[in-house]
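The file structure_38.csv comes next; it holds CSV, C-alpha atoms.
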chain,number,residue,atom,x,y,z
A,1241,MET,CA,-59.2,-34.5,38.8
A,1242,LYS,CA,-58.1,-36.8,36.1
A,1243,ASN,CA,-54.6,-35.9,35.0
A,1244,LYS,CA,-54.4,-34.8,31.4
A,1245,PRO,CA,-51.7,-36.3,29.3
A,1246,ILE,CA,-48.7,-34.2,28.7
A,1247,PRO,CA,-48.9,-32.9,25.2
A,1248,LYS,CA,-46.1,-33.8,22.9
A,1249,ARG,CA,-43.8,-30.9,21.9
A,1250,SER,CA,-44.4,-30.0,18.3
A,1251,ASN,CA,-41.5,-30.1,15.9
A,1252,SER,CA,-43.3,-27.8,13.5
A,1253,PHE,CA,-41.0,-24.8,14.2
A,1254,ILE,CA,-37.7,-26.7,14.3
A,1255,ARG,CA,-37.5,-27.7,10.6
A,1256,PRO,CA,-38.3,-24.2,9.3
A,1257,LEU,CA,-35.6,-22.8,11.7
A,1258,ILE,CA,-33.0,-25.2,10.4
A,1259,ARG,CA,-33.9,-24.4,6.8
A,1260,ALA,CA,-33.6,-20.7,7.5
A,1261,ILE,CA,-30.2,-21.1,9.2
A,1262,LEU,CA,-29.0,-23.2,6.3
A,1263,GLY,CA,-30.4,-20.7,3.8
A,1264,VAL,CA,-28.4,-17.9,5.5
A,1265,ILE,CA,-25.2,-19.9,5.5
A,1266,PHE,CA,-25.5,-20.9,1.8
A,1267,GLY,CA,-26.5,-17.3,1.0
A,1268,LEU,CA,-23.4,-15.9,2.6
A,1269,ILE,CA,-21.2,-18.4,0.8
A,1270,ALA,CA,-22.9,-17.6,-2.5
A,1271,ALA,CA,-22.6,-13.8,-1.9
A,1272,SER,CA,-18.9,-14.3,-1.0
A,1273,LEU,CA,-18.3,-16.1,-4.3
A,1274,LEU,CA,-20.3,-13.6,-6.3
A,1275,THR,CA,-18.5,-10.6,-4.9
A,1276,CYS,CA,-15.0,-11.9,-5.0
A,1277,HIS,CA,-12.3,-10.4,-7.3
A,1278,ARG,CA,-13.0,-10.7,-10.9
A,1279,THR,CA,-9.6,-12.0,-11.8
A,1280,THR,CA,-8.3,-15.1,-13.4
A,1281,ASN,CA,-5.5,-15.3,-10.9
A,1282,THR,CA,-6.0,-16.1,-7.2
A,1283,PRO,CA,-3.5,-16.5,-4.4
A,1284,ALA,CA,-1.8,-19.8,-4.0
A,1285,SER,CA,-3.7,-22.1,-1.6
A,1286,ASN,CA,-0.4,-23.5,-0.2
A,1287,PHE,CA,0.9,-20.1,0.9
A,1288,VAL,CA,2.8,-20.3,4.2
A,1289,THR,CA,3.4,-17.1,6.1
A,1290,PRO,CA,7.2,-16.7,6.7
A,1291,GLU,CA,8.6,-15.6,10.0
A,1292,PRO,CA,9.1,-11.8,10.0
A,1293,VAL,CA,12.1,-9.8,11.0
A,1294,ILE,CA,11.2,-7.4,13.8
A,1295,LEU,CA,12.6,-3.9,13.2
A,1296,ALA,CA,14.8,-2.7,16.1
A,1297,GLN,CA,13.9,0.9,15.6
A,1298,SER,CA,11.3,1.6,18.3
A,1299,GLU,CA,10.4,5.0,16.8
A,1300,LEU,CA,8.9,3.3,13.7
A,1301,ASN,CA,5.5,2.9,15.4
A,1302,GLU,CA,3.4,4.1,12.4
A,1303,LEU,CA,5.4,2.9,9.4
A,1304,SER,CA,3.5,4.1,6.3
A,1305,GLY,CA,6.2,4.2,3.6
A,1306,LEU,CA,8.9,1.8,2.6
A,1307,ALA,CA,11.6,2.0,-0.2
A,1308,SER,CA,14.6,-0.1,-1.2
A,1309,SER,CA,17.8,2.0,-1.3
A,1310,THR,CA,19.2,2.4,-4.8
A,1311,ILE,CA,22.7,2.8,-3.3
A,1312,LYS,CA,23.0,0.1,-0.6
A,1313,THR,CA,21.5,-3.4,-1.4
A,1314,ASN,CA,20.9,-4.2,2.3
A,1315,VAL,CA,19.1,-1.0,3.2
A,1316,LEU,CA,15.5,-0.2,3.4
A,1317,TRP,CA,14.2,3.3,4.1
A,1318,GLY,CA,11.0,3.9,6.1
A,1319,LEU,CA,8.9,6.8,7.4
A,1320,ASN,CA,6.1,7.4,9.9
A,1321,ASP,CA,2.8,9.1,9.0
A,1322,SER,CA,1.0,12.0,10.6
A,1323,GLY,CA,1.7,13.1,14.1
A,1324,ASN,CA,5.4,12.0,14.0
A,1325,GLY,CA,8.6,13.8,13.3
A,1326,ASN,CA,10.1,14.6,9.9
A,1327,TYR,CA,12.6,11.7,9.8
A,1328,LEU,CA,13.7,9.1,7.3
A,1329,PHE,CA,14.7,5.8,9.0
A,1330,ALA,CA,17.3,3.4,7.6
A,1331,PHE,CA,17.4,-0.3,8.6
A,1332,ASP,CA,18.9,-3.5,7.5
A,1333,LYS,CA,16.4,-5.5,5.5
A,1334,ASN,CA,17.8,-8.9,6.5
A,1335,SER,CA,18.3,-8.4,10.3
A,1336,GLY,CA,16.0,-5.5,11.1
A,1337,ALA,CA,19.0,-3.7,12.7
A,1338,ASP,CA,18.6,0.1,13.2
A,1339,LEU,CA,21.0,2.0,10.9
A,1340,GLY,CA,20.0,5.5,12.0
A,1341,LYS,CA,17.8,8.3,10.9
A,1342,ILE,CA,18.0,11.4,8.9
A,1343,GLU,CA,16.1,14.6,9.6
A,1344,VAL,CA,14.4,16.3,6.7
A,1345,LYS,CA,15.0,20.0,7.2
A,1346,GLY,CA,12.4,22.7,6.6
A,1347,VAL,CA,9.3,20.5,6.3
A,1348,ILE,CA,6.5,19.3,8.5
A,1349,ASN,CA,5.1,15.8,8.6
A,1350,VAL,CA,1.5,16.7,7.9
A,1351,ASP,CA,0.6,13.2,6.7
A,1352,TRP,CA,3.5,11.3,5.1
A,1353,GLU,CA,2.0,8.2,3.5
A,1354,ASP,CA,4.4,6.8,1.0
A,1355,LEU,CA,8.1,6.8,0.1
A,1356,ALA,CA,9.8,6.1,-3.3
A,1357,ALA,CA,13.5,5.5,-4.1
A,1358,PHE,CA,14.7,5.9,-7.7
A,1359,THR,CA,17.6,6.9,-9.9
A,1360,ILE,CA,17.2,9.3,-12.7
A,1361,ASP,CA,20.0,11.0,-14.8
A,1362,GLY,CA,22.5,9.3,-12.5
A,1363,GLN,CA,21.2,10.8,-9.3
A,1364,HIS,CA,19.8,8.8,-6.4
A,1365,TRP,CA,16.6,10.2,-4.9
A,1366,LEU,CA,14.0,9.6,-2.3
A,1367,LEU,CA,10.5,11.0,-2.8
A,1368,ILE,CA,8.4,11.7,0.4
A,1369,ALA,CA,4.7,11.7,-0.3
A,1370,ASP,CA,3.0,14.1,2.1
A,1371,VAL,CA,-0.4,13.3,0.6
A,1372,GLY,CA,-2.6,11.8,3.3
A,1373,ASP,CA,-6.0,13.5,3.7
A,1374,ASN,CA,-8.5,11.4,5.6
A,1375,TYR,CA,-11.2,14.0,5.5
A,1376,ALA,CA,-10.4,15.5,2.0
A,1377,GLU,CA,-9.6,19.0,3.5
A,1378,ARG,CA,-6.2,19.9,2.3
A,1379,GLN,CA,-5.8,22.6,-0.3
A,1380,LEU,CA,-2.4,21.3,-1.4
A,1381,ALA,CA,-0.5,18.1,-1.2
A,1382,HIS,CA,3.3,18.0,-1.3
A,1383,LEU,CA,5.9,15.7,-2.7
A,1384,TRP,CA,9.4,16.3,-1.1
A,1385,LEU,CA,12.3,15.3,-3.3
A,1386,VAL,CA,15.6,14.7,-1.4
A,1387,PRO,CA,18.9,13.2,-2.4
A,1388,GLU,CA,19.3,9.7,-1.0
A,1389,PRO,CA,21.6,10.1,2.0
A,1390,GLN,CA,25.0,8.3,2.2
A,1391,ALA,CA,26.0,6.0,5.0
A,1392,ASN,CA,29.2,6.7,7.0
A,1393,ALA,CA,32.1,4.3,7.1
A,1394,GLN,CA,30.3,2.2,9.8
A,1395,GLY,CA,27.2,1.8,7.6
A,1396,GLN,CA,25.2,4.2,9.8
A,1397,TYR,CA,23.1,7.2,8.8
A,1398,ALA,CA,22.9,10.5,10.8
A,1399,GLY,CA,22.4,14.2,10.3
A,1400,ALA,CA,20.0,16.1,8.1
A,1401,VAL,CA,19.1,16.6,4.5
A,1402,GLN,CA,17.5,19.6,2.7
A,1403,PRO,CA,14.8,18.9,0.1
A,1404,ALA,CA,15.9,19.7,-3.5
A,1405,ALA,CA,12.3,20.2,-4.6
A,1406,ASP,CA,8.8,20.8,-3.2
A,1407,ILE,CA,6.3,19.6,-5.7
A,1408,ALA,CA,3.1,21.2,-4.5
A,1409,TYR,CA,-0.1,20.2,-6.3
A,1410,ARG,CA,-3.9,20.1,-6.1
A,1411,TYR,CA,-6.3,17.7,-7.7
A,1412,PRO,CA,-8.4,18.9,-10.6
A,1413,GLU,CA,-11.7,17.8,-9.0
A,1414,GLY,CA,-11.0,18.7,-5.4
A,1415,ALA,CA,-9.1,17.2,-2.4
A,1416,ARG,CA,-8.5,13.5,-2.2
A,1417,ASP,CA,-7.0,11.1,0.3
A,1418,VAL,CA,-3.9,9.3,-1.1
A,1419,GLU,CA,-1.5,6.7,0.3
A,1420,SER,CA,0.0,5.2,-2.9
A,1421,VAL,CA,2.7,7.1,-4.8
A,1422,ASP,CA,5.8,6.0,-6.8
A,1423,VAL,CA,7.9,7.1,-9.7
A,1424,ASP,CA,7.7,5.8,-13.3
A,1425,VAL,CA,11.3,6.4,-14.3
A,1426,PRO,CA,11.0,5.5,-18.0
A,1427,GLY,CA,8.0,7.7,-18.3
A,1428,ARG,CA,9.6,10.4,-16.2
A,1429,GLN,CA,6.4,10.8,-14.1
A,1430,ILE,CA,5.1,10.4,-10.7
A,1431,ILE,CA,2.1,8.0,-10.3
A,1432,ILE,CA,-0.5,8.8,-7.7
A,1433,ILE,CA,-3.5,6.5,-6.7
A,1434,SER,CA,-6.4,7.7,-4.6
A,1435,LYS,CA,-7.7,5.8,-1.6
A,1436,ARG,CA,-11.3,6.6,-0.6
A,1437,ASP,CA,-13.0,6.8,-4.0
A,1438,PRO,CA,-15.5,4.1,-5.0
A,1439,LEU,CA,-12.9,3.2,-7.7
A,1440,PRO,CA,-9.3,4.3,-7.0
A,1441,ARG,CA,-8.3,7.1,-9.3
A,1442,ILE,CA,-4.9,7.2,-11.1
A,1443,TYR,CA,-3.1,10.5,-11.6
A,1444,SER,CA,0.3,11.6,-12.9
A,1445,LEU,CA,2.7,14.5,-12.4
A,1446,PRO,CA,6.0,15.1,-14.2
A,1447,ILE,CA,9.1,14.3,-12.2
A,1448,VAL,CA,11.2,17.4,-11.6
A,1449,THR,CA,14.3,17.9,-9.6
A,1450,ALA,CA,13.7,21.6,-8.7
A,1451,SER,CA,10.6,23.2,-7.2
A,1452,PRO,CA,8.1,24.2,-9.8
A,1453,ALA,CA,7.3,27.9,-10.1
A,1454,THR,CA,3.6,27.2,-9.7
A,1455,VAL,CA,1.2,24.7,-8.0
A,1456,LEU,CA,0.8,21.7,-10.4
A,1457,ILE,CA,-2.4,20.0,-11.4
A,1458,PRO,CA,-2.0,16.3,-11.9
A,1459,GLU,CA,-3.4,14.6,-15.0
A,1460,PHE,CA,-6.2,12.1,-14.4
A,1461,LEU,CA,-5.4,8.8,-16.2
A,1462,GLY,CA,-8.4,6.6,-15.3
A,1463,ASP,CA,-9.8,4.3,-12.6
A,1464,ILE,CA,-8.8,1.0,-11.2
A,1465,PRO,CA,-11.9,-1.4,-11.2
A,1466,GLN,CA,-10.2,-4.7,-10.2
A,1467,LEU,CA,-9.5,-4.4,-6.5
A,1468,GLY,CA,-12.8,-6.0,-5.5
A,1469,ARG,CA,-15.5,-5.3,-3.0
A,1470,PRO,CA,-16.2,-6.7,0.4
A,1471,SER,CA,-18.0,-10.0,0.5
A,1472,ALA,CA,-20.9,-10.8,2.8
A,1473,LEU,CA,-18.4,-12.7,5.0
A,1474,ASP,CA,-16.0,-9.7,5.1
A,1475,ARG,CA,-18.9,-7.5,6.2
A,1476,ILE,CA,-19.8,-9.9,9.0
A,1477,ARG,CA,-16.2,-10.2,10.2
A,1478,PHE,CA,-15.1,-6.5,9.8
A,1479,GLY,CA,-18.3,-4.6,10.0
A,1480,GLN,CA,-18.0,-1.0,8.9
A,1481,GLN,CA,-14.3,-1.5,8.4
A,1482,ALA,CA,-14.9,-4.0,5.5
A,1483,GLU,CA,-14.9,-1.3,2.8
A,1484,TRP,CA,-11.4,-0.1,4.0
A,1485,ARG,CA,-9.8,-3.5,3.3
A,1486,PHE,CA,-10.0,-3.0,-0.5
A,1487,GLN,CA,-8.6,0.5,-0.5
A,1488,PRO,CA,-5.0,1.2,-1.8
A,1489,THR,CA,-2.4,1.9,0.9
A,1490,ALA,CA,1.0,1.6,-0.9
A,1491,LEU,CA,2.5,1.5,-4.4
A,1492,ASP,CA,5.9,0.4,-5.8
A,1493,ILE,CA,7.1,0.3,-9.4
A,1494,GLN,CA,10.1,-1.7,-10.5
A,1495,ALA,CA,11.8,-1.4,-13.9
A,1496,LEU,CA,12.9,-4.8,-15.3
A,1497,PRO,CA,15.8,-5.5,-17.6
A,1498,ASP,CA,13.5,-6.2,-20.6
A,1499,GLY,CA,12.1,-2.7,-20.5
A,1500,SER,CA,8.8,-3.6,-18.8
A,1501,GLN,CA,7.8,-2.6,-15.3
A,1502,ASN,CA,6.3,-4.5,-12.4
A,1503,ILE,CA,3.7,-2.7,-10.3
A,1504,LEU,CA,2.7,-3.6,-6.8
A,1505,LEU,CA,-0.4,-2.1,-5.3
A,1506,LEU,CA,-1.2,-2.9,-1.7
A,1507,THR,CA,-4.6,-3.0,0.1
A,1508,TYR,CA,-5.3,-4.0,3.7
A,1509,LYS,CA,-6.5,-7.4,2.3
A,1510,GLN,CA,-3.8,-8.4,-0.2
A,1511,ALA,CA,-1.3,-7.2,-2.8
A,1512,TYR,CA,-1.9,-6.9,-6.5
A,1513,LEU,CA,0.9,-7.4,-9.2
A,1514,PHE,CA,0.6,-5.8,-12.6
A,1515,ASN,CA,3.1,-5.9,-15.5
A,1516,LYS,CA,3.4,-2.9,-17.8
A,1517,GLN,CA,5.0,-3.1,-21.2
A,1518,PRO,CA,6.7,0.1,-22.5
A,1519,GLN,CA,4.0,0.9,-25.1
A,1520,GLN,CA,1.1,0.3,-22.7
A,1521,SER,CA,-0.7,3.2,-20.9
A,1522,TRP,CA,-1.2,3.3,-17.1
A,1523,SER,CA,-5.0,3.3,-17.4
A,1524,ALA,CA,-4.9,0.2,-19.6
A,1525,ILE,CA,-2.6,-1.7,-17.2
A,1526,LEU,CA,-4.3,-0.8,-13.9
A,1527,GLY,CA,-7.7,-1.2,-15.5
A,1528,GLY,CA,-6.7,-4.8,-16.4
A,1529,ILE,CA,-6.6,-8.0,-14.5
A,1530,PRO,CA,-3.8,-8.3,-11.9
A,1531,LYS,CA,-2.2,-11.2,-10.2
A,1532,ILE,CA,-3.2,-11.5,-6.6
A,1533,LEU,CA,-0.4,-12.1,-4.1
A,1534,SER,CA,-0.9,-13.8,-0.8
A,1535,THR,CA,0.0,-11.6,2.2
A,1536,PRO,CA,0.0,-12.2,6.0
A,1537,GLU,CA,-2.9,-10.8,7.9
A,1538,LEU,CA,-1.5,-7.6,9.4
A,1539,PRO,CA,-3.1,-5.0,11.8
A,1540,GLN,CA,-2.6,-2.1,9.3
A,1541,ALA,CA,-0.6,-3.0,6.2
A,1542,GLU,CA,0.4,0.3,4.6
A,1543,ALA,CA,4.0,-0.1,3.3
A,1544,LEU,CA,5.7,-2.3,0.7
A,1545,ALA,CA,8.8,-2.2,-1.5
A,1546,PHE,CA,10.3,-4.4,-4.3
A,1547,ASP,CA,13.6,-6.1,-3.5
A,1548,GLN,CA,16.4,-5.5,-5.9
A,1549,ASP,CA,16.4,-9.2,-6.9
A,1550,ASN,CA,13.2,-8.7,-9.0
A,1551,LEU,CA,11.8,-11.9,-7.4
A,1552,SER,CA,10.5,-10.7,-4.0
A,1553,TYR,CA,9.1,-7.8,-2.1
A,1554,TRP,CA,9.1,-6.4,1.5
A,1555,LEU,CA,5.9,-5.9,3.4
A,1556,THR,CA,5.3,-4.3,6.8
A,1557,SER,CA,2.6,-2.8,9.0
A,1558,GLU,CA,1.9,0.1,11.3
A,1559,ARG,CA,2.1,-0.5,15.1
A,1560,LEU,CA,4.8,-1.9,17.4
A,1561,PRO,CA,6.5,-4.4,17.3
A,1562,THR,CA,7.0,-3.6,13.6
A,1563,PRO,CA,7.2,-6.9,11.5
A,1564,LEU,CA,9.1,-7.0,8.1
A,1565,TYR,CA,8.2,-9.8,5.7
A,1566,ARG,CA,10.0,-10.9,2.6
A,1567,LEU,CA,7.5,-12.4,0.2
A,1568,PRO,CA,7.8,-14.0,-3.3
A,1569,ILE,CA,6.4,-12.3,-6.4
A,1570,HIS,CA,6.0,-15.6,-8.1
A,1571,GLU,CA,4.2,-18.1,-5.8
Whole structure, structure tokens version:
Amino acid sequence: MKNKPIPKRSNSFIRPLIRAILGVIFGLIAASLLTCHRTTNTPASNFVTPEPVILAQSELNELSGLASSTIKTNVLWGLNDSGNGNYLFAFDKNSGADLGKIEVKGVINVDWEDLAAFTIDGQHWLLIADVGDNYAERQLAHLWLVPEPQANAQGQYAGAVQPAADIAYRYPEGARDVESVDVDVPGRQIIIISKRDPLPRIYSLPIVTASPATVLIPEFLGDIPQLGRPSALDRIRFGQQAEWRFQPTALDIQALPDGSQNILLLTYKQAYLFNKQPQQSWSAILGGIPKILSTPELPQAEALAFDQDNLSYWLTSERLPTPLYRLPIHE
């Protein structure tokens, strides 16, 4: 039998395949650009991640709240979230050295998610935000107000503290998950920002130094529209976790000498800096365009605090070993 010539392999399917692949790539890039943050400020492209300090306290395995002491300039306070003890941990911000812990008497760590340090009427306070609620099941959230503990002569902290106030409250439209709480001292109010809503919701409560006689209902102030949505590339990389990367996980407020306030809001993806003038409302500020701050990629970034220098802030993450980064506000 006469041998038939070997047919040439057709290239007809290769070119469409290449075009399809290129179309997907360019589509993902376009989608990423279209769904990026609608802000005029973007992180600095020359950002270099600094080396972190590693915290020596091995019990801080789920650090979810951070605050700069208003008494000692070298001290940061931290706490763990749900499933851990009811302790406040002190550590040296420069070296990470363990400075001891304080037990908070008479309370349970249901889901501690943030921590605020502030001074009002000459008194130094810490505010523990027991506000986490992943499944929106809690009837009440609690804010525990305690006097900031004093260090002993060796600069160590030990013993226990009793809360001066239990600020119990419920949301006007039903339970919400929250991880971002801080105190607006000039406004004499507590600012609360929800986590799992399509647009984070802003609430306020009056700051009181004694337990209210009744359960409080926070005032709804507005939404935060500028934290962005996952891009197509985010969804490919993180899958179902992509939505979580844009949810607020920590808040800190810093009063400045000129009467304005800097506001830092953290998500798993990055940090946002707002500046509030005295006459401006919270809804107007948080509804505006923030400056985006570059942050290291962390396994679960849920805690930050301004430094007292007004130029930098501290950032950390859950899980051991616990890293502590000092990052600039103005890049």
Report as JSON lines: every residue of segment 1350-1375 of chain A with an atom at most 10 Å from segment 1395-1411 of chain A, its closest pair of atoms, and their distance in Å to one decimal, counting only C-alpha atoms, with rows sorted by chain and ascending residue number.
{"residue": "A:Trp1365", "atom": "CA", "partner": "A:Ala1404", "partner_atom": "CA", "distance": 9.6}
{"residue": "A:Leu1366", "atom": "CA", "partner": "A:Pro1403", "partner_atom": "CA", "distance": 9.6}
{"residue": "A:Leu1367", "atom": "CA", "partner": "A:Pro1403", "partner_atom": "CA", "distance": 9.5}
{"residue": "A:Ile1368", "atom": "CA", "partner": "A:Pro1403", "partner_atom": "CA", "distance": 9.6}
{"residue": "A:Ala1369", "atom": "CA", "partner": "A:Ile1407", "partner_atom": "CA", "distance": 9.7}
{"residue": "A:Asp1370", "atom": "CA", "partner": "A:Ala1408", "partner_atom": "CA", "distance": 9.7}
{"residue": "A:Val1371", "atom": "CA", "partner": "A:Tyr1409", "partner_atom": "CA", "distance": 9.8}
Handout entry: Exercise: Leu1506 of chain A partners within 6 Å, all atoms listed in the file, chain neighbours under 4 positions left out, as number ranges by chain
Key = A: 1488-1490, 1511
Exercise for the section: To one decimal in Å, tell me the separation between atom CA of Asp1332 of chain A and atom CA of Ser1557 of chain A. Expected result: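 These two atoms are separated by 16.4 Å.
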Practice task
Determine the nearest neighbour of Phe1478 of chain A from the options A:Lys1509, A:Asp1492, A:Ala1391, A:Gly1340, counting all atoms listed in the file.
Solution key: A:Lys1509
Per-residue nearest contacts segment 1309-1384 of chain A to segment 1413-1418 of chain A, cut-off 8 Å, using all atoms listed in the file, as JSON lines:
{"residue": "A:Glu1353", "atom": "CA", "partner": "A:Val1418", "partner_atom": "CA", "distance": 7.6}
{"residue": "A:Val1371", "atom": "CA", "partner": "A:Val1418", "partner_atom": "CA", "distance": 5.6}
{"residue": "A:Gly1372", "atom": "CA", "partner": "A:Val1418", "partner_atom": "CA", "distance": 5.2}
{"residue": "A:Asp1373", "atom": "CA", "partner": "A:Asp1417", "partner_atom": "CA", "distance": 4.3}
{"residue": "A:Asn1374", "atom": "CA", "partner": "A:Asp1417", "partner_atom": "CA", "distance": 5.5}
{"residue": "A:Tyr1375", "atom": "CA", "partner": "A:Asp1417", "partner_atom": "CA", "distance": 7.3}
{"residue": "A:Ala1376", "atom": "CA", "partner": "A:Ala1415", "partner_atom": "CA", "distance": 4.9}
{"residue": "A:Glu1377", "atom": "CA", "partner": "A:Ala1415", "partner_atom": "CA", "distance": 6.2}
{"residue": "A:Arg1378", "atom": "CA", "partner": "A:Ala1415", "partner_atom": "CA", "distance": 6.1}
{"residue": "A:Gln1379", "atom": "CA", "partner": "A:Ala1415", "partner_atom": "CA", "distance": 6.7}
{"residue": "A:Leu1380", "atom": "CA", "partner": "A:Ala1415", "partner_atom": "CA", "distance": 7.9}
Please write the residues from the selection above to a file, keeping C-alpha atoms, as a short mmCIF file (atom, residue, chain, number, x, y, z; two decimals), in the frame of the given file.
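For reference, again-v4.cif as written:
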data_model
loop_
_atom_site.label_atom_id
_atom_site.label_comp_id
_atom_site.auth_asym_id
_atom_site.auth_seq_id
_atom_site.Cartn_x
_atom_site.Cartn_y
_atom_site.Cartn_z
CA GLU A 1353 2.00 8.20 3.50
CA VAL A 1371 -0.40 13.30 0.60
CA GLY A 1372 -2.60 11.80 3.30
CA ASP A 1373 -6.00 13.50 3.70
CA ASN A 1374 -8.50 11.40 5.60
CA TYR A 1375 -11.20 14.00 5.50
CA ALA A 1376 -10.40 15.50 2.00
CA GLU A 1377 -9.60 19.00 3.50
CA ARG A 1378 -6.20 19.90 2.30
CA GLN A 1379 -5.80 22.60 -0.30
CA LEU A 1380 -2.40 21.30 -1.40
#
Practice task
Calculate how many Å separate atom CA of Asp1338 of chain A from atom CA of Asn1314 of chain A, rounding to one decimal.
Solution key: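 Distance between the two atoms: 11.9 Å.
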Practice task
Please provide the set of residues having any atom within 6 Å of Gln1501 of chain A, restricted to only C-alpha atoms, with same-chain residues fewer than 2 positions apart removed, written as a PyMOL selection string.
Solution key: chain A and resi 1494-1496+1515-1516
Problem - Nearest to Pro1530 of chain A, chosen from A:Thr1449, A:Ser1552, A:Gln1510, A:Gln1466, with all atoms listed in the file counted in the distances - result: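 Closest to Pro1530 of chain A, using all atoms listed in the file: A:Gln1466.
Compared by their closest atoms to Leu1526 of chain A, and using only C-alpha atoms, the residues A:Leu1551, A:Val1293, A:Leu1467, A:Ala1472 rank with A:Leu1467 nearest.
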Fill in the blank from the handout: Computed gap from atom CA of Leu1300 of chain A to atom CA of Arg1559 of chain A is 7.9 Å
Would you pull segment 1531-1570 of chain A out of the block just shown and save C-alpha atoms as a compact mmCIF listing (two decimals), in the first residue's frame?
# COMPACT_ATOMS: atom_id res chain seq x y z
CA LYS A 1531 -4.72 58.92 51.94
CA ILE A 1532 -3.68 55.29 51.48
CA LEU A 1533 -0.69 54.19 53.55
CA SER A 1534 1.54 51.33 52.48
CA THR A 1535 1.66 48.43 54.92
CA PRO A 1536 3.58 45.16 55.07
CA GLU A 1537 1.66 42.08 54.01
CA LEU A 1538 0.70 40.40 57.28
CA PRO A 1539 -1.17 37.16 58.01
CA GLN A 1540 -3.95 38.95 59.93
CA ALA A 1541 -3.45 42.68 60.49
CA GLU A 1542 -5.92 43.67 63.22
CA ALA A 1543 -4.17 46.22 65.44
CA LEU A 1544 -2.55 49.63 65.06
CA ALA A 1545 -1.85 52.73 67.15
CA PHE A 1546 -0.48 56.20 66.53
CA ASP A 1547 2.88 57.00 68.06
CA GLN A 1548 3.11 60.06 70.30
CA ASP A 1549 5.44 61.77 67.79
CA ASN A 1550 2.50 62.54 65.42
CA LEU A 1551 4.67 61.27 62.55
CA SER A 1552 4.38 57.49 62.70
CA TYR A 1553 2.19 54.61 63.79
CA TRP A 1554 2.60 51.06 65.04
CA LEU A 1555 1.17 48.03 63.25
CA THR A 1556 1.00 44.40 64.26
CA SER A 1557 -0.72 41.15 63.41
CA GLU A 1558 -2.26 38.13 65.03
CA ARG A 1559 -0.28 34.86 65.23
CA LEU A 1560 3.14 34.06 66.66
CA PRO A 1561 5.82 35.29 66.39
CA THR A 1562 4.15 38.68 66.81
CA PRO A 1563 5.80 41.39 64.64
CA LEU A 1564 5.61 45.09 65.50
CA TYR A 1565 6.26 47.61 62.73
CA ARG A 1566 6.86 51.34 63.03
CA LEU A 1567 5.59 53.01 59.86
CA PRO A 1568 5.55 56.63 58.67
CA ILE A 1569 2.32 58.60 58.29
CA HIS A 1570 3.87 60.82 55.60
